[in-house]
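File shown: final-v1.txt. Contents: compact mmCIF, C-alpha atoms.
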```
# COMPACT_ATOMS: atom_id res chain seq x y z
CA MET A 1 -88.43 84.96 30.27
CA ALA A 2 -88.90 81.31 31.24
CA GLU A 3 -90.14 78.99 28.52
CA LYS A 4 -93.83 78.26 28.85
CA THR A 5 -94.62 74.72 29.95
CA PRO A 6 -96.40 72.82 27.16
CA HIS A 7 -99.80 71.63 28.30
CA GLN A 8 -102.94 70.23 26.75
CA ASN A 9 -106.27 68.64 27.48
CA VAL A 10 -106.21 64.93 26.75
CA THR A 11 -108.62 62.02 26.49
CA PHE A 12 -107.52 58.57 27.63
CA ASP A 13 -109.01 55.10 27.74
CA ILE A 14 -110.43 53.63 30.93
CA GLU A 15 -112.22 50.38 31.55
CA GLY A 16 -115.58 50.69 29.82
CA GLY A 17 -115.01 54.09 28.22
CA THR A 18 -112.87 57.22 28.19
CA ALA A 19 -111.90 59.98 30.61
CA HIS A 20 -110.32 63.40 30.32
CA GLY A 21 -107.51 65.27 31.96
CA TYR A 22 -104.89 68.01 31.86
CA LEU A 23 -101.40 66.99 30.74
CA ALA A 24 -98.32 69.14 31.40
CA LEU A 25 -94.95 68.35 29.83
CA PRO A 26 -91.49 69.53 30.92
CA ALA A 27 -89.51 71.90 28.71
CA SER A 28 -87.20 69.01 27.82
CA GLY A 29 -90.16 67.17 26.33
CA SER A 30 -89.80 64.07 28.49
CA GLY A 31 -89.53 62.95 32.09
CA PRO A 32 -90.86 60.65 34.81
CA ALA A 33 -94.63 60.40 35.26
CA VAL A 34 -96.82 61.79 38.05
CA VAL A 35 -100.60 61.58 38.45
CA VAL A 36 -102.03 64.72 40.10
CA ILE A 37 -105.33 64.13 41.89
CA GLN A 38 -107.79 66.96 42.46
CA GLU A 39 -109.43 68.26 45.61
CA TRP A 40 -113.19 68.14 46.06
CA TRP A 41 -113.46 71.42 44.13
CA GLY A 42 -112.77 69.67 40.82
CA LEU A 43 -110.04 70.15 38.22
CA THR A 44 -109.50 73.81 39.10
CA ASP A 45 -106.85 76.24 37.93
CA HIS A 46 -104.99 75.51 41.17
CA ILE A 47 -104.68 71.80 40.34
CA LYS A 48 -103.62 72.62 36.78
CA ASP A 49 -100.99 74.92 38.28
CA VAL A 50 -99.74 72.04 40.45
CA ALA A 51 -99.34 69.96 37.27
CA ASP A 52 -97.53 72.85 35.57
CA ARG A 53 -95.19 73.24 38.55
CA LEU A 54 -94.37 69.54 38.44
CA ALA A 55 -93.67 69.86 34.72
CA SER A 56 -91.33 72.75 35.49
CA ALA A 57 -89.54 70.37 37.89
CA GLY A 58 -89.04 67.86 35.06
CA PHE A 59 -92.09 65.59 35.32
CA VAL A 60 -94.79 64.57 32.87
CA ALA A 61 -97.85 65.38 34.96
CA LEU A 62 -101.43 64.31 34.29
CA ALA A 63 -104.36 65.64 36.31
CA PRO A 64 -107.46 63.53 35.53
CA ASP A 65 -110.80 65.35 35.55
CA LEU A 66 -112.68 63.10 37.96
CA TYR A 67 -115.86 65.21 37.83
CA GLY A 68 -116.10 65.35 34.04
CA GLY A 69 -115.85 69.12 33.72
CA TRP A 70 -117.63 70.28 36.87
CA ILE A 71 -115.82 72.67 39.20
CA THR A 72 -117.00 74.78 42.13
CA HIS A 73 -115.70 77.17 44.76
CA ASP A 74 -118.62 76.56 47.11
CA GLY A 75 -117.93 74.19 49.99
CA GLU A 76 -121.45 72.77 50.21
CA GLU A 77 -121.56 72.05 46.50
CA ALA A 78 -118.06 70.56 46.60
CA GLY A 79 -119.12 68.17 49.33
CA GLU A 80 -122.13 67.14 47.28
CA MET A 81 -119.98 66.60 44.18
CA MET A 82 -117.52 64.50 46.15
CA SER A 83 -120.32 62.38 47.57
CA LYS A 84 -121.57 61.64 44.04
CA LEU A 85 -118.21 60.21 42.94
CA PRO A 86 -118.04 56.55 43.96
CA ALA A 87 -114.59 55.43 45.05
CA GLU A 88 -114.76 52.70 42.40
CA GLU A 89 -115.39 55.22 39.60
CA GLY A 90 -112.50 57.40 40.69
CA ALA A 91 -110.24 54.35 40.91
CA ARG A 92 -111.27 53.31 37.39
CA GLN A 93 -110.30 56.71 35.99
CA LEU A 94 -107.01 56.76 37.90
CA ALA A 95 -106.09 53.28 36.71
CA GLY A 96 -106.63 54.50 33.16
CA ALA A 97 -104.54 57.60 33.85
CA THR A 98 -101.72 55.41 35.15
CA ASP A 99 -101.72 53.23 32.05
CA PHE A 100 -101.98 56.29 29.79
CA LEU A 101 -98.85 57.76 31.34
CA LEU A 102 -96.90 54.52 31.31
CA GLY A 103 -97.63 54.19 27.58
CA HIS A 104 -96.95 57.85 26.72
CA GLU A 105 -94.00 58.61 24.44
CA SER A 106 -92.81 61.45 26.69
CA VAL A 107 -92.61 59.33 29.85
CA THR A 108 -89.17 58.00 30.76
CA SER A 109 -90.09 56.14 33.98
CA LYS A 110 -91.34 52.58 34.32
CA THR A 111 -93.55 53.60 37.25
CA VAL A 112 -95.67 56.60 38.15
CA GLY A 113 -95.78 58.81 41.19
CA ALA A 114 -99.06 60.13 42.57
CA ILE A 115 -99.77 63.34 44.47
CA GLY A 116 -103.19 64.51 45.63
CA PHE A 117 -104.90 66.89 47.98
CA CYS A 118 -107.94 66.56 50.26
CA MET A 119 -110.21 64.08 48.42
CA GLY A 120 -107.30 63.52 46.05
CA GLY A 121 -105.06 62.55 48.93
CA GLY A 122 -107.41 59.70 49.74
CA PHE A 123 -107.38 58.64 46.11
CA VAL A 124 -103.56 58.72 46.06
CA LEU A 125 -103.50 56.03 48.74
CA ALA A 126 -106.23 54.05 47.00
CA LEU A 127 -104.38 54.20 43.67
CA ALA A 128 -101.14 53.02 45.27
CA ALA A 129 -102.91 50.19 47.08
CA GLN A 130 -104.76 49.04 43.96
CA GLN A 131 -102.05 49.45 41.32
CA GLY A 132 -99.19 47.88 43.28
CA GLU A 133 -95.80 48.11 41.62
CA LYS A 134 -97.02 50.48 38.90
CA VAL A 135 -96.92 53.24 41.54
CA SER A 136 -93.52 53.87 43.13
CA ALA A 137 -94.29 57.03 45.15
CA ALA A 138 -97.50 58.18 46.83
CA VAL A 139 -97.80 61.69 48.24
CA PRO A 140 -101.11 62.40 50.00
CA PHE A 141 -101.77 65.89 51.32
CA TYR A 142 -104.35 65.75 54.16
CA GLY A 143 -106.18 62.90 52.45
CA VAL A 144 -109.86 62.47 53.25
CA GLY A 145 -112.99 61.13 51.64
CA GLN A 146 -114.53 58.06 50.14
CA ALA A 147 -111.33 56.57 48.73
CA VAL A 148 -109.21 56.36 51.90
CA PRO A 149 -108.41 52.63 52.02
CA GLU A 150 -109.45 50.37 54.85
CA ALA A 151 -106.32 48.26 54.27
CA TYR A 152 -102.90 48.81 52.71
CA THR A 153 -101.71 45.27 52.06
CA GLY A 154 -101.43 45.86 48.29
CA LEU A 155 -99.37 49.02 48.63
CA THR A 156 -95.70 48.82 47.63
CA ALA A 157 -95.01 52.49 46.87
CA ALA A 158 -92.96 54.68 49.16
CA VAL A 159 -95.34 57.06 50.96
CA GLN A 160 -94.74 60.65 52.01
CA GLY A 161 -97.73 62.17 53.79
CA HIS A 162 -98.38 65.84 54.55
CA TYR A 163 -100.94 66.44 57.28
CA ALA A 164 -102.10 69.39 59.36
CA GLU A 165 -102.17 69.50 63.13
CA GLN A 166 -105.25 71.77 63.13
CA ASP A 167 -107.20 69.86 60.49
CA ALA A 168 -110.91 69.98 61.27
CA MET A 169 -111.71 67.51 58.46
CA TYR A 170 -109.12 64.87 59.35
CA PRO A 171 -107.91 65.10 62.95
CA VAL A 172 -104.18 64.68 63.39
CA GLU A 173 -104.76 61.67 65.65
CA LYS A 174 -106.36 59.85 62.71
CA ALA A 175 -103.46 60.80 60.48
CA ARG A 176 -100.97 59.35 62.96
CA GLU A 177 -103.02 56.15 63.15
CA GLN A 178 -103.07 55.97 59.36
CA GLU A 179 -99.31 56.44 59.20
CA GLN A 180 -98.78 53.49 61.51
CA GLN A 181 -101.37 51.35 59.72
CA ILE A 182 -99.66 51.88 56.37
CA ARG A 183 -96.31 51.02 57.89
CA ASP A 184 -97.64 47.89 59.57
CA GLU A 185 -99.71 46.54 56.69
CA SER A 186 -97.64 47.44 53.63
CA GLY A 187 -94.05 47.16 54.78
CA ALA A 188 -93.34 50.12 52.49
CA GLN A 189 -91.17 53.11 53.31
CA VAL A 190 -93.44 55.59 55.10
CA GLU A 191 -92.76 59.14 56.22
CA PHE A 192 -95.44 61.56 57.38
CA HIS A 193 -94.82 65.26 58.00
CA TYR A 194 -97.08 67.26 60.29
CA TYR A 195 -97.56 71.01 60.04
CA ASP A 196 -98.83 73.67 62.40
CA ALA A 197 -101.61 74.55 59.98
CA GLY A 198 -105.18 73.76 58.96
CA HIS A 199 -106.70 71.59 56.28
CA ALA A 200 -105.83 72.64 52.70
CA PHE A 201 -102.86 74.72 53.82
CA HIS A 202 -101.24 74.13 50.41
CA ASN A 203 -104.09 75.58 48.33
CA ASP A 204 -103.14 79.15 47.44
CA GLU A 205 -106.67 79.90 46.27
CA ASN A 206 -107.38 79.93 50.03
CA LEU A 207 -110.99 78.87 49.63
CA ILE A 208 -111.43 77.93 53.29
CA GLY A 209 -109.04 80.50 54.74
CA THR A 210 -106.26 78.11 55.78
CA TYR A 211 -103.57 78.71 53.14
CA ASP A 212 -100.12 79.01 54.70
CA ALA A 213 -97.46 80.10 52.21
CA GLU A 214 -94.52 79.08 54.40
CA LYS A 215 -95.87 75.61 55.22
CA ALA A 216 -96.98 75.12 51.62
CA ALA A 217 -93.51 75.88 50.30
CA LEU A 218 -91.89 73.54 52.81
CA ALA A 219 -94.28 70.69 51.97
CA TRP A 220 -93.96 71.26 48.24
CA GLY A 221 -90.18 71.14 48.35
CA ARG A 222 -90.28 67.90 50.29
CA ALA A 223 -92.80 66.40 47.87
CA VAL A 224 -90.84 67.29 44.73
CA ASP A 225 -87.61 65.95 46.19
CA PHE A 226 -89.38 62.73 47.17
CA LEU A 227 -90.95 62.22 43.75
CA THR A 228 -87.63 62.96 42.07
CA ALA A 229 -85.91 60.32 44.19
CA LYS A 230 -88.58 57.62 43.94
CA VAL A 231 -90.14 57.74 40.45
CA ALA A 232 -87.98 55.93 37.92
```

Go through the file and emit its structure as structure tokens.
Amino acid sequence: MAEKTPHQNVTFDIEGGTAHGYLALPASGSGPAVVVIQEWWGLTDHIKDVADRLASAGFVALAPDLYGGWITHDGEEAGEMMSKLPAEEGARQLAGATDFLLGHESVTSKTVGAIGFCMGGGFVLALAAQQGEKVSAAVPFYGVGQAVPEAYTGLTAAVQGHYAEQDAMYPVEKAREQEQQIRDESGAQVEFHYYDAGHAFHNDENLIGTYDAEKAALAWGRAVDFLTAKVA
């Protein structure tokens, strides 16, 4: 039987207060750091599982609870919850999460990676643009929402995007424009992958009926390899 991944709920300092999150550690007890950023549903079991899977791959993974304990499986409520989270508040929590990881005794890297999905994909790009050299790898999955940056001039991280060709929330044409904008404005290494799938194809809870196990496995393998190569 595989050893259970150690995990715990943690509280960390942010500008003007504290925030909470879910921390997963590798079996070795130490490794490079990755911030895992939730979808609009909140810090669900699926996002905690993503953190656990990253820990199983050797990372110290922290998933901040951007909604402060609220979760939902209802699309209308999720949209309302997302709309009530200002981009600036999410960025403040993620900046704190980054500093928490970089100061954690179990973290061996001098930078963090960031991976996020849906709303969290937008925040991945925002975090990388705002935190500069603290973030060495940014992995947005079909990023949407209030945090998608208007400009990428502050971004130095390598970017690996995962986007869906049948995405009703973020048309593939916009994703291709974003890919080029990041490349033009940041000068960073940029690679986007496009999948014959719908929005949220990686979410195995299948809340909107678009989960694709084959595409999810392909994207996940690419993401883990990328984070392994870039976060040091």

* To do: Determine, counting all atoms listed in the file, which protein, DNA and RNA residues have an atom within 9 Å of an atom of Trp40 of chain A; residues of the same chain fewer than 4 positions away are not included. Present the result as a list in words.
  =>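 Surrounding residues, per the criterion: Ile71, Thr72, Gly75, Ala78, Gly79, Met81, Met82, Phe117, Cys118, Met119, Gly120 and Gly145 of chain A.
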
* Nearby residues (all atoms listed in the file) at most 9 Å from Gly209 of chain A, same-chain spacing under 3 positions excluded, as a list of chain:residue names ->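 Answer for this query is A:Gly198, A:Ala200, A:Phe201, A:Glu205, A:Asn206.
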
Since we have the selection now, will you write its residues out, keeping C-alpha atoms, as a tab-separated table (two decimals), keeping the file's coordinate frame?
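selection.tsv written:
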```
chain	number	residue	atom	x	y	z
A	198	GLY	CA	-105.18	73.76	58.96
A	200	ALA	CA	-105.83	72.64	52.70
A	201	PHE	CA	-102.86	74.72	53.82
A	205	GLU	CA	-106.67	79.90	46.27
A	206	ASN	CA	-107.38	79.93	50.03
```

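Distance-wise, atom CA of Gln93 of chain A and atom CA of Ala63 of chain A end up 10.7 Å apart.
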
* Tell me which protein, DNA and RNA residues are within 6 Å of Ala157 of chain A, counting all atoms listed in the file, leaving out same-chain ones fewer than 2 positions away, and put them as a list in words. => Val135, Ser136, Ala137 and Leu155 of chain A

Restrict the calculation to all atoms listed in the file, then for each residue of segment 45-105 of chain A with any atom at most 7 Å from an atom of segment 9-27 of chain A give the closest atom pair and their distance in Å to one decimal, rows by chain and rising residue number, as a Markdown table.
```
| residue | atom | partner | partner_atom | distance |
| --- | --- | --- | --- | --- |
| A:Lys48 | CA | A:Tyr22 | CA | 6.9 |
| A:Ala51 | CA | A:Ala24 | CA | 6.0 |
| A:Asp52 | CA | A:Ala24 | CA | 5.6 |
| A:Ala55 | CA | A:Pro26 | CA | 4.4 |
| A:Ser56 | CA | A:Pro26 | CA | 5.6 |
| A:Gly58 | CA | A:Pro26 | CA | 5.1 |
| A:Phe59 | CA | A:Pro26 | CA | 5.9 |
| A:Val60 | CA | A:Leu25 | CA | 4.9 |
| A:Ala61 | CA | A:Ala24 | CA | 5.2 |
| A:Leu62 | CA | A:Leu23 | CA | 4.4 |
| A:Ala63 | CA | A:Tyr22 | CA | 5.1 |
| A:Pro64 | CA | A:Gly21 | CA | 4.0 |
| A:Asp65 | CA | A:Gly21 | CA | 4.9 |
| A:Arg92 | CA | A:Ile14 | CA | 6.5 |
| A:Gln93 | CA | A:Ile14 | CA | 5.9 |
| A:Gly96 | CA | A:Ile14 | CA | 4.5 |
| A:Ala97 | CA | A:Phe12 | CA | 7.0 |
| A:Phe100 | CA | A:Phe12 | CA | 6.4 |
```

* Contacts of Val124 of chain A at 8 Å or less, counting only C-alpha atoms, minus same-chain residues fewer than 4 places along, as number ranges by chain? -> A: 37, 114-116, 120, 128, 138-140

* Pick out the closest residue to Ile208 of chain A from this set: A:Thr108, A:His73, A:Ala95, A:Gly122. Count all atoms listed in the file. =>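 Between A:Thr108, A:His73, A:Ala95, A:Gly122, the residue approaching Ile208 of chain A most closely is A:His73.
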
* To do: Tell me, in Å to one decimal, how far atom CA of Gln189 of chain A is from atom CA of Ala158 of chain A.
  => 4.8 Å

* Best match for closeness to Glu133 of chain A among A:Gln180, A:Asp204, A:Gln166, A:Ala232, counting all atoms listed in the file ->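 Nearest candidate to Glu133 of chain A out of A:Gln180, A:Asp204, A:Gln166, A:Ala232: A:Ala232.
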
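For the set A:Gln8, A:Gln131, A:Thr44, A:Ser83, the residue with the smallest atom-to-atom gap to Gly69 of chain A is A:Thr44, counting all atoms listed in the file.
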